[in-house]
Each structure stands twice: as C-alpha cells, then as structure tokens.
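Peer 1: Pasting a structure below so you can have a look.
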Amino acid sequence: MAFTFAAFCYILALILTAFLIFFAIYHIIAFDELKTDYKNPIDQCNSLNPLVLPEYGIHCLFCVLFLLSGQFLSLFLNLPLLGYHINRYLHRPVMTGPGLYDPTSIMNADQLSKAMREGWCKLAFYLLSFFYYLYSMIYVLVSASS
C-alpha cells in the first residue's frame, strides 16, 4: 500500500469528522435540553457558541485539503455545507463575541426548531461523510499500490 497525500487527507478527514459528529450530537442534546427547559438559555448558548468557529474551521480545512490533493468529488460534496456555514455566519445575530446563538432569541419556537433541524441535518451529513471518507481512503490506498 502506497501512502499518498490524498490518503493522508482522507485519514485526517475521518478523524476530524468523528469530532464533528460529536459536536453535532452535543448541539442536538443542548437544544433538546432547551426545549424541555432543563437548562437556561444563557448557559446553553455560552457552551454552544465556542464550538461554532472550530466546527466551521475544521470543515473549511477539509475543503482546502481536498482541493490541494485533487479530490474534487469530495470537495464538491462539501461545498454546499461550506457555503451554508459562510452564509449562516455572515447573517448571524449581532452579539459581542463569536458564535451563532443568541440567548434572547433561541427560546423562540421557530428558532429552536430550526436549530434542532440544523443539528439533525448536520449529523446526517457528517455520518454519511464519515463512511464516504472511509471508503475513499481505502480506495485511494488500494489504487495507489497497484
């Protein structure tokens, strides 16, 4: 088996996608706790907002690595979510720090359901991406050796 830069990109994407899956699960649990009034919105938003920029940075890193390694199908599969992340961050509520979730408006039923739906969609995307990266990593390693 030959180890190429593309294989390295897929291995890194696999490891970091596992972290993104945990981030998405944490978001879903946090919004469910808000929905059931288990935690107050200020504490919850203070714990969720620091995770936004690392998630976006990791996803941007995938796209750059796939571009540099010439894995254009993986890049094109990730571009819609990258565009959504950029659009979402550019149109975030006005706050003093980085993040997306405003404690004063997160308890609105439509905002909370949108955030919950976004979390489920990201979880599905990251799970599918994880298995696609696993398949692609194996394919790249096997095809490079022959």
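Naming works like this for the structure tokens: A, B, ... for the chains as they're shown, residue 1 at the start of each chain, ligands 1 onward in shown order.
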Which polymer residues have any atom within 10 Å of an atom of A:His59, counting only C-alpha atoms, with same-chain residues fewer than 6 positions away left out, as a ChimeraX atom specification?

Peer 2: /A:13,16-17,20,53,78-79,81-82,85

Peer 1: I need the residues from that last selection saved to file as a PDB file, in the first residue's frame (with N, CA, C and O atoms), if you can.

Peer 2:
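And here is the file that came out, again34.pdb:
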ATOM      1  N   ALA A  13      -9.507  13.592   7.501  1.00  0.00           N
ATOM      2  CA  ALA A  13     -10.935  13.878   7.411  1.00  0.00           C
ATOM      3  C   ALA A  13     -11.740  12.888   8.248  1.00  0.00           C
ATOM      4  O   ALA A  13     -12.719  13.272   8.896  1.00  0.00           O
ATOM      5  N   LEU A  16     -11.224  13.907  12.012  1.00  0.00           N
ATOM      6  CA  LEU A  16     -11.891  15.163  12.353  1.00  0.00           C
ATOM      7  C   LEU A  16     -13.407  15.093  12.159  1.00  0.00           C
ATOM      8  O   LEU A  16     -14.147  15.786  12.847  1.00  0.00           O
ATOM      9  N   THR A  17     -13.867  14.252  11.256  1.00  0.00           N
ATOM     10  CA  THR A  17     -15.306  14.075  11.099  1.00  0.00           C
ATOM     11  C   THR A  17     -15.896  13.413  12.331  1.00  0.00           C
ATOM     12  O   THR A  17     -17.042  13.692  12.704  1.00  0.00           O
ATOM     13  N   LEU A  20     -16.612  16.179  14.540  1.00  0.00           N
ATOM     14  CA  LEU A  20     -17.784  16.924  14.081  1.00  0.00           C
ATOM     15  C   LEU A  20     -19.072  16.186  14.396  1.00  0.00           C
ATOM     16  O   LEU A  20     -20.098  16.803  14.675  1.00  0.00           O
ATOM     17  N   LEU A  53     -17.011  28.229  15.697  1.00  0.00           N
ATOM     18  CA  LEU A  53     -15.843  28.511  14.852  1.00  0.00           C
ATOM     19  C   LEU A  53     -14.937  27.296  14.665  1.00  0.00           C
ATOM     20  O   LEU A  53     -14.447  27.081  13.548  1.00  0.00           O
ATOM     21  N   ASN A  78     -18.638  18.714  -0.322  1.00  0.00           N
ATOM     22  CA  ASN A  78     -18.541  19.549   0.870  1.00  0.00           C
ATOM     23  C   ASN A  78     -18.848  21.016   0.621  1.00  0.00           C
ATOM     24  O   ASN A  78     -19.090  21.759   1.569  1.00  0.00           O
ATOM     25  N   LEU A  79     -18.833  21.460  -0.623  1.00  0.00           N
ATOM     26  CA  LEU A  79     -19.045  22.878  -0.917  1.00  0.00           C
ATOM     27  C   LEU A  79     -20.423  23.406  -0.498  1.00  0.00           C
ATOM     28  O   LEU A  79     -20.494  24.532   0.007  1.00  0.00           O
ATOM     29  N   LEU A  81     -22.312  22.610   2.073  1.00  0.00           N
ATOM     30  CA  LEU A  81     -22.311  22.860   3.518  1.00  0.00           C
ATOM     31  C   LEU A  81     -21.358  23.992   3.875  1.00  0.00           C
ATOM     32  O   LEU A  81     -21.651  24.797   4.761  1.00  0.00           O
ATOM     33  N   LEU A  82     -20.237  24.089   3.181  1.00  0.00           N
ATOM     34  CA  LEU A  82     -19.314  25.197   3.422  1.00  0.00           C
ATOM     35  C   LEU A  82     -19.985  26.527   3.083  1.00  0.00           C
ATOM     36  O   LEU A  82     -19.866  27.500   3.833  1.00  0.00           O
ATOM     37  N   HIS A  85     -22.377  27.331   5.824  1.00  0.00           N
ATOM     38  CA  HIS A  85     -21.685  27.814   7.019  1.00  0.00           C
ATOM     39  C   HIS A  85     -21.274  29.274   6.860  1.00  0.00           C
ATOM     40  O   HIS A  85     -21.458  30.076   7.786  1.00  0.00           O
TER      41      HIS A  85
END

Peer 1: DSSP on the backbone: which residues in chain A end up as helix (DSSP H, G or I)? Give the answer as JSON, numbers by chain.

Peer 2: {"A": [5, 6, 7, 8, 9, 10, 11, 12, 13, 14, 15, 16, 17, 18, 19, 20, 21, 22, 23, 24, 25, 26, 27, 28, 29, 30, 31, 32, 33, 34, 35, 41, 42, 43, 44, 45, 46, 47, 48, 49, 50, 51, 52, 53, 54, 55, 56, 57, 58, 59, 60, 61, 62, 63, 64, 65, 66, 67, 68, 69, 72, 73, 74, 75, 76, 77, 78, 79, 80, 81, 82, 83, 84, 85, 86, 87, 88, 89, 90, 109, 110, 111, 112, 113, 114, 115, 116, 117, 118, 119, 120, 121, 122, 123, 124, 125, 126, 127, 128, 129, 130, 131, 132, 133, 134, 135, 136, 137, 138, 139, 140, 141, 142, 143, 144, 145]}

Peer 1: With distances taken over only C-alpha atoms, which residue among A:Ile21, A:Cys9, A:Leu112, A:Leu34 lies nearest A:Ser136?

Peer 2: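 With only C-alpha atoms as the atom set, the closest residue is A:Cys9.
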
Peer 1: Between A:Phe76, A:Tyr56, A:Tyr10, A:Tyr38, which is the closest to A:Arg88 once you count only C-alpha atoms?

Peer 2: A:Tyr56

Peer 1: Please identify all polymer residues within 12 Å of A:Gly119, counting only C-alpha atoms, omitting same-chain residues fewer than 3 positions from it, and present them as a list in words.

Peer 2: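 Here the answer would be Leu20, Ile21, Phe22, Phe23, Ala24, Ile25, Tyr26, His27, Ile28, Ile29, Ala30, Phe31, Asp32, Leu48, Val52, Leu112, Ser113, Lys114, Ala115, Met116, Lys122, Leu123, Ala124, Phe125 and Tyr126 of chain A.
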
Peer 1: Provide the atom CA of A:Arg117 to atom CA of A:Leu12 distance in Å, to one decimal place.

Peer 2: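 So the answer is 27.2 Å.
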
Peer 1: Which of these, A:Ala7, A:Tyr135, A:Cys45, A:Pro50, has the shortest distance to A:Phe66 once you count only C-alpha atoms?

Peer 2: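 Distance minimum relative to A:Phe66 lands on A:Ala7.
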
Peer 1: Record the distance separating atom CA of A:Gly99 and atom CA of A:Leu127, expressed in Å with one decimal.

Peer 2: 23.6 Å

Peer 1: What is the atom CA of A:Asn108 to atom CA of A:Pro41 distance in Å?

Peer 2: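 These atoms are spaced 10.8 Å apart.
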
Peer 1: Given only C-alpha atoms as the basis, pick out the residue of A:Leu73, A:Trp120, A:Asn46, A:Leu128 nearest to A:Pro103.

Peer 2: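 Checking each candidate against A:Pro103, we get A:Asn46 as the closest.
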
Peer 1: Fewer than 4 positions away in the same chain doesn't count, so skip those; otherwise give me all residues within 9 Å of A:Thr4, counting only C-alpha atoms, as a list in words.

Peer 2: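 The residues satisfying every condition are Phe8, Cys9, Val140, Leu141 and Ala144 of chain A.
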